[in-house]
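Asks: Sharing a structure, written as structure tokens. Questions coming.
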Amino acid sequence: MLYRLIQGGPPGPDGMLAFCGILFAFAATVFATFKLSPYLPKDAGREFAHDGKLSAGKPRGAGIIFVLAFVVSALLFLPLTSEIIIYLVLIVISMLTGFLDDASEAPWGEYKKGFLDLCVAVVVACTFLRYNSSEVELALFDVKFILHPLLFGLLAVVLVWTSVNVTNCTDGVDGLSGTLTIITIMTIYLIDRIKGVDEKFSFMILIFAVCILGYLWYNATPSRILMGDAGSRAMGLFISIAILKTGSPFLYIPVTLVMILDGGLGLIKVALLRFLKIRILTKVRTPLHDHVRKNWDWSNTQTVFRFAIVQIILAAAVIYGIQ
């Protein structure tokens, strides 16, 4: 909006306007969180999580604040396209479904949330194919090939659904999910710059990252607020869209590997037991962030730092490998 008024529509964001947009996004998130967090629903404490009761009474659902701050910042400072507008709407929808669950006295069922995630994933896949090709690059091997749009769409749906739920399961330690998400999307940002991907979407990544930083200002150990499903589901959706835009969707595995192991193992463990009656990892608590804190006596801070260190090492390897 401001971009069109000031610049008149060149291909990418002007340097000074982008600078102001990033500062605005962070300041808006911090200020809005400070003012609005008292009105958020209160957490009841997770019964089966390690130290879950310590979260009881804290404002929950703060994802609604930093996601809306991101959307407002994007609308003001980003050169908007039809594709980006659709993604922003979908991110808000994903955030709202999470927030309604956060605010509900009776938690929504897994199947209900899974179905809503699937609906969003289908729309993301259709939108991406409408504005982009189905060409896939295996960036680490310098191999490109074109998938049939139906097959690409199916894989995109799986990617989006997985990303939303893996990121959601990773949220359980002060600062962990937000920190890992920032590392992941900043890795994607560097990939975009190396590959010359759409500059507008790259700027969108920066805005989202600083909004999460604004949230982490209050969520660092010991936290004062919790993002809830409102934040984790929106972050997972954004990660999946960002990795699709790189043209190398299989990079999702290395750039989110810590989150996949932390949150994804629990999903696999539960699914195998529930549908196939197969028990795996019987001596491992999932999510892994509960295992390392209870079984290995890691503190919250150690958990966040060590998980982040591993993901940064993976990010460095990916960035070097695709150059």
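Just so we're on the same page: first chain in the structure tokens is A, next is B, and so on; residues restart at 1 for each chain, and ligands are numbered from 1 in the order they show up.
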Which residues, written as a list in words, have at least one atom at most 10 Å from A:Leu150, with only C-alpha atoms counted and residues fewer than 4 positions away on the same chain left out?

Replies: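 Residues meeting the cut-off are Ala125, Cys126, Leu129, Ser134, Leu154, Leu155 and Ala156 of chain A.
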
Asks: Quick one: everything within 12 Å of A:Leu36, counting only C-alpha atoms, minus sequence neighbours fewer than 3 positions away in the same chain. Send it as a short mmCIF file (atom, residue, chain, number, x, y, z; two decimals) with C-alpha atoms, in the first residue's frame.

Replies:
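Saved file result_30.cif follows:
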```
data_model
loop_
_atom_site.label_atom_id
_atom_site.label_comp_id
_atom_site.auth_asym_id
_atom_site.auth_seq_id
_atom_site.Cartn_x
_atom_site.Cartn_y
_atom_site.Cartn_z
CA ALA A 28 4.19 -3.10 16.06
CA THR A 29 4.51 -6.66 17.35
CA VAL A 30 6.21 -5.64 20.61
CA PHE A 31 3.77 -2.78 21.28
CA ALA A 32 0.64 -4.78 20.37
CA THR A 33 1.79 -7.73 22.49
CA TYR A 39 -6.88 -9.96 27.01
CA LEU A 40 -5.73 -13.32 25.66
CA PRO A 41 -7.14 -16.62 26.99
CA PRO A 59 -1.71 -15.64 28.28
CA ARG A 60 -2.10 -18.13 25.43
CA GLY A 61 -2.84 -17.59 21.74
CA ALA A 62 -0.34 -14.73 21.30
CA GLY A 63 0.13 -15.95 17.75
CA ILE A 64 -2.92 -13.88 16.84
CA ILE A 65 -0.95 -10.74 17.71
CA PHE A 66 2.30 -11.36 15.84
CA ILE A 225 3.12 -15.36 26.99
#
```

Asks: Where in stretch 90-145 of chain A does DSSP assign alpha helix (DSSP H), given as a ChimeraX atom specification?

Replies: /A:90-103,110-131

Asks: If you keep N, CA, C and O atoms, can you produce a file of those selected residues as a short mmCIF file (atom, residue, chain, number, x, y, z; two decimals), in the first residue's frame?

Replies:
```cif
data_model
loop_
_atom_site.label_atom_id
_atom_site.label_comp_id
_atom_site.auth_asym_id
_atom_site.auth_seq_id
_atom_site.Cartn_x
_atom_site.Cartn_y
_atom_site.Cartn_z
N LEU A 90 -4.72 -17.05 3.72
CA LEU A 90 -4.61 -18.42 4.23
C LEU A 90 -3.87 -18.48 5.56
O LEU A 90 -4.22 -19.26 6.45
N ILE A 91 -2.84 -17.65 5.70
CA ILE A 91 -2.11 -17.58 6.96
C ILE A 91 -3.03 -17.10 8.08
O ILE A 91 -3.01 -17.62 9.20
N VAL A 92 -3.87 -16.10 7.78
CA VAL A 92 -4.83 -15.61 8.78
C VAL A 92 -5.83 -16.70 9.13
O VAL A 92 -6.17 -16.89 10.31
N ILE A 93 -6.31 -17.42 8.12
CA ILE A 93 -7.26 -18.51 8.38
C ILE A 93 -6.64 -19.57 9.28
O ILE A 93 -7.25 -20.03 10.25
N SER A 94 -5.42 -19.96 8.97
CA SER A 94 -4.73 -20.96 9.78
C SER A 94 -4.53 -20.45 11.21
O SER A 94 -4.69 -21.20 12.18
N MET A 95 -4.19 -19.18 11.33
CA MET A 95 -4.01 -18.58 12.65
C MET A 95 -5.33 -18.58 13.42
O MET A 95 -5.38 -18.91 14.61
N LEU A 96 -6.42 -18.21 12.75
CA LEU A 96 -7.71 -18.11 13.43
C LEU A 96 -8.22 -19.47 13.88
O LEU A 96 -8.79 -19.59 14.98
N THR A 97 -8.01 -20.52 13.08
CA THR A 97 -8.44 -21.85 13.52
C THR A 97 -7.66 -22.27 14.76
O THR A 97 -8.21 -22.87 15.68
N GLY A 98 -6.37 -21.91 14.79
CA GLY A 98 -5.57 -22.20 15.96
C GLY A 98 -6.01 -21.39 17.17
O GLY A 98 -6.09 -21.91 18.29
N PHE A 99 -6.32 -20.12 16.95
CA PHE A 99 -6.71 -19.26 18.07
C PHE A 99 -8.05 -19.69 18.65
O PHE A 99 -8.24 -19.67 19.88
N LEU A 100 -9.00 -20.08 17.80
CA LEU A 100 -10.29 -20.53 18.30
C LEU A 100 -10.13 -21.78 19.15
O LEU A 100 -10.84 -21.98 20.14
N ASP A 101 -9.18 -22.63 18.77
CA ASP A 101 -8.87 -23.80 19.59
C ASP A 101 -8.24 -23.37 20.91
O ASP A 101 -8.57 -23.90 21.98
N ASP A 102 -7.30 -22.40 20.85
CA ASP A 102 -6.67 -21.89 22.07
C ASP A 102 -7.70 -21.32 23.04
O ASP A 102 -7.57 -21.47 24.26
N ALA A 103 -8.71 -20.64 22.49
CA ALA A 103 -9.69 -19.95 23.33
C ALA A 103 -10.83 -20.86 23.78
O ALA A 103 -11.63 -20.48 24.65
N GLU A 110 -8.48 -33.85 17.27
CA GLU A 110 -7.38 -33.95 16.32
C GLU A 110 -7.88 -34.05 14.89
O GLU A 110 -7.29 -33.48 13.97
N TYR A 111 -8.97 -34.79 14.68
CA TYR A 111 -9.47 -34.99 13.32
C TYR A 111 -10.05 -33.69 12.75
O TYR A 111 -9.89 -33.41 11.56
N LYS A 112 -10.69 -32.92 13.59
CA LYS A 112 -11.24 -31.64 13.15
C LYS A 112 -10.12 -30.70 12.72
O LYS A 112 -10.17 -30.09 11.64
N LYS A 113 -9.09 -30.60 13.54
CA LYS A 113 -7.97 -29.73 13.20
C LYS A 113 -7.22 -30.25 11.99
O LYS A 113 -6.79 -29.47 11.12
N GLY A 114 -7.06 -31.58 11.91
CA GLY A 114 -6.38 -32.16 10.77
C GLY A 114 -7.12 -31.90 9.47
O GLY A 114 -6.50 -31.64 8.43
N PHE A 115 -8.47 -31.96 9.51
CA PHE A 115 -9.27 -31.70 8.31
C PHE A 115 -9.14 -30.24 7.87
O PHE A 115 -9.01 -29.94 6.68
N LEU A 116 -9.18 -29.32 8.84
CA LEU A 116 -9.04 -27.90 8.51
C LEU A 116 -7.65 -27.63 7.91
O LEU A 116 -7.52 -26.87 6.95
N ASP A 117 -6.63 -28.26 8.47
CA ASP A 117 -5.28 -28.11 7.92
C ASP A 117 -5.23 -28.65 6.49
O ASP A 117 -4.57 -28.07 5.62
N LEU A 118 -5.92 -29.75 6.25
CA LEU A 118 -5.95 -30.34 4.91
C LEU A 118 -6.62 -29.39 3.91
O LEU A 118 -6.13 -29.23 2.78
N CYS A 119 -7.71 -28.76 4.31
CA CYS A 119 -8.39 -27.80 3.43
C CYS A 119 -7.47 -26.65 3.07
O CYS A 119 -7.39 -26.24 1.89
N VAL A 120 -6.77 -26.10 4.06
CA VAL A 120 -5.83 -25.02 3.79
C VAL A 120 -4.71 -25.50 2.87
O VAL A 120 -4.31 -24.79 1.93
N ALA A 121 -4.22 -26.71 3.10
CA ALA A 121 -3.14 -27.26 2.29
C ALA A 121 -3.55 -27.39 0.82
O ALA A 121 -2.76 -27.11 -0.09
N VAL A 122 -4.78 -27.82 0.58
CA VAL A 122 -5.27 -27.96 -0.79
C VAL A 122 -5.33 -26.60 -1.49
O VAL A 122 -4.90 -26.47 -2.65
N VAL A 123 -5.79 -25.58 -0.78
CA VAL A 123 -5.86 -24.25 -1.38
C VAL A 123 -4.46 -23.71 -1.65
O VAL A 123 -4.21 -23.07 -2.68
N VAL A 124 -3.51 -23.95 -0.75
CA VAL A 124 -2.13 -23.52 -0.98
C VAL A 124 -1.57 -24.17 -2.24
O VAL A 124 -0.97 -23.51 -3.09
N ALA A 125 -1.78 -25.49 -2.37
CA ALA A 125 -1.27 -26.21 -3.53
C ALA A 125 -1.87 -25.69 -4.82
O ALA A 125 -1.15 -25.47 -5.82
N CYS A 126 -3.18 -25.46 -4.82
CA CYS A 126 -3.85 -24.94 -6.03
C CYS A 126 -3.36 -23.54 -6.37
O CYS A 126 -3.14 -23.21 -7.54
N THR A 127 -3.19 -22.71 -5.34
CA THR A 127 -2.71 -21.34 -5.56
C THR A 127 -1.29 -21.35 -6.12
O THR A 127 -0.99 -20.63 -7.08
N PHE A 128 -0.44 -22.18 -5.54
CA PHE A 128 0.94 -22.24 -6.02
C PHE A 128 0.99 -22.66 -7.48
O PHE A 128 1.72 -22.06 -8.28
N LEU A 129 0.24 -23.69 -7.85
CA LEU A 129 0.26 -24.17 -9.23
C LEU A 129 -0.36 -23.15 -10.18
O LEU A 129 0.00 -23.12 -11.37
N ARG A 130 -1.27 -22.32 -9.67
CA ARG A 130 -1.87 -21.28 -10.52
C ARG A 130 -0.84 -20.24 -10.93
O ARG A 130 -0.88 -19.71 -12.05
N TYR A 131 0.13 -19.94 -10.06
CA TYR A 131 1.07 -18.85 -10.32
C TYR A 131 2.51 -19.32 -10.55
O TYR A 131 3.37 -18.51 -10.85
#
```

Asks: I want to know what sits within 9 Å of A:Tyr252, based on only C-alpha atoms, with residues of the same chain fewer than 2 positions away left out; could you give that as a tab-separated table (two decimals) with N, CA and C atoms, in the first residue's frame?

Replies:
```
chain	number	residue	atom	x	y	z
A	159	LEU	N	3.23	-31.76	1.98
A	159	LEU	CA	4.24	-30.87	2.56
A	159	LEU	C	3.60	-29.84	3.49
A	163	SER	N	4.07	-29.71	7.50
A	163	SER	CA	4.76	-28.55	8.07
A	163	SER	C	3.93	-27.91	9.18
A	184	THR	N	14.94	-21.45	10.27
A	184	THR	CA	14.48	-22.08	9.03
A	184	THR	C	14.15	-21.07	7.95
A	239	ILE	N	6.23	-21.54	6.58
A	239	ILE	CA	7.43	-22.28	6.21
A	239	ILE	C	7.19	-23.09	4.94
A	240	SER	N	6.04	-23.76	4.86
A	240	SER	CA	5.76	-24.59	3.69
A	240	SER	C	5.61	-23.75	2.43
A	243	ILE	N	9.15	-22.56	1.37
A	243	ILE	CA	10.00	-23.59	0.75
A	243	ILE	C	9.49	-23.94	-0.64
A	244	LEU	N	8.18	-23.90	-0.85
A	244	LEU	CA	7.64	-24.12	-2.20
A	244	LEU	C	8.14	-23.05	-3.16
A	248	SER	N	12.56	-25.68	-4.75
A	248	SER	CA	13.26	-26.88	-4.27
A	248	SER	C	12.55	-27.39	-3.01
A	249	PRO	N	11.33	-27.94	-3.17
A	249	PRO	CA	10.54	-28.31	-1.98
A	249	PRO	C	11.18	-29.38	-1.11
A	250	PHE	N	12.06	-30.22	-1.69
A	250	PHE	CA	12.68	-31.27	-0.88
A	250	PHE	C	13.71	-30.71	0.10
A	254	PRO	N	16.12	-30.87	5.11
A	254	PRO	CA	17.28	-30.40	5.88
A	254	PRO	C	17.06	-29.07	6.59
A	255	VAL	N	16.25	-28.17	6.02
A	255	VAL	CA	16.12	-26.86	6.67
A	255	VAL	C	15.16	-26.88	7.84
A	256	THR	N	14.44	-27.98	8.03
A	256	THR	CA	13.56	-28.11	9.21
A	256	THR	C	13.81	-29.43	9.95
A	257	LEU	N	14.97	-30.03	9.76
A	257	LEU	CA	15.20	-31.38	10.27
A	257	LEU	C	15.01	-31.47	11.78
```

Asks: What's around A:Leu265 at 9 Å? Count only C-alpha atoms, leave out sequence neighbours fewer than 5 positions away in its own chain, and write the answer as a list in words.

Replies: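 Neighbouring residues, sequence-local ones excluded: Val166, Ile260, Val270, Leu281, Thr286, Pro287 and Leu288 of chain A.
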
Asks: Limited to C-alpha atoms, could you put the picked residues into a file as an mmCIF file, in the first residue's frame?

Replies:
```cif
data_model
loop_
_atom_site.group_PDB
_atom_site.id
_atom_site.type_symbol
_atom_site.label_atom_id
_atom_site.label_comp_id
_atom_site.auth_asym_id
_atom_site.auth_seq_id
_atom_site.Cartn_x
_atom_site.Cartn_y
_atom_site.Cartn_z
ATOM 1 C CA VAL A 166 5.258 -30.679 12.841
ATOM 2 C CA ILE A 260 10.839 -32.847 11.961
ATOM 3 C CA VAL A 270 0.946 -41.978 17.522
ATOM 4 C CA LEU A 281 10.338 -45.677 20.282
ATOM 5 C CA THR A 286 7.850 -37.352 22.314
ATOM 6 C CA PRO A 287 8.117 -34.539 21.463
ATOM 7 C CA LEU A 288 11.870 -34.911 21.848
#
```

Asks: Which residue gives the smallest distance to A:Gly175 among A:Met259, A:Leu76, A:Ile22, A:Met227, with only C-alpha atoms counted?

Replies: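 Among the listed residues, A:Met227 lies closest to A:Gly175.
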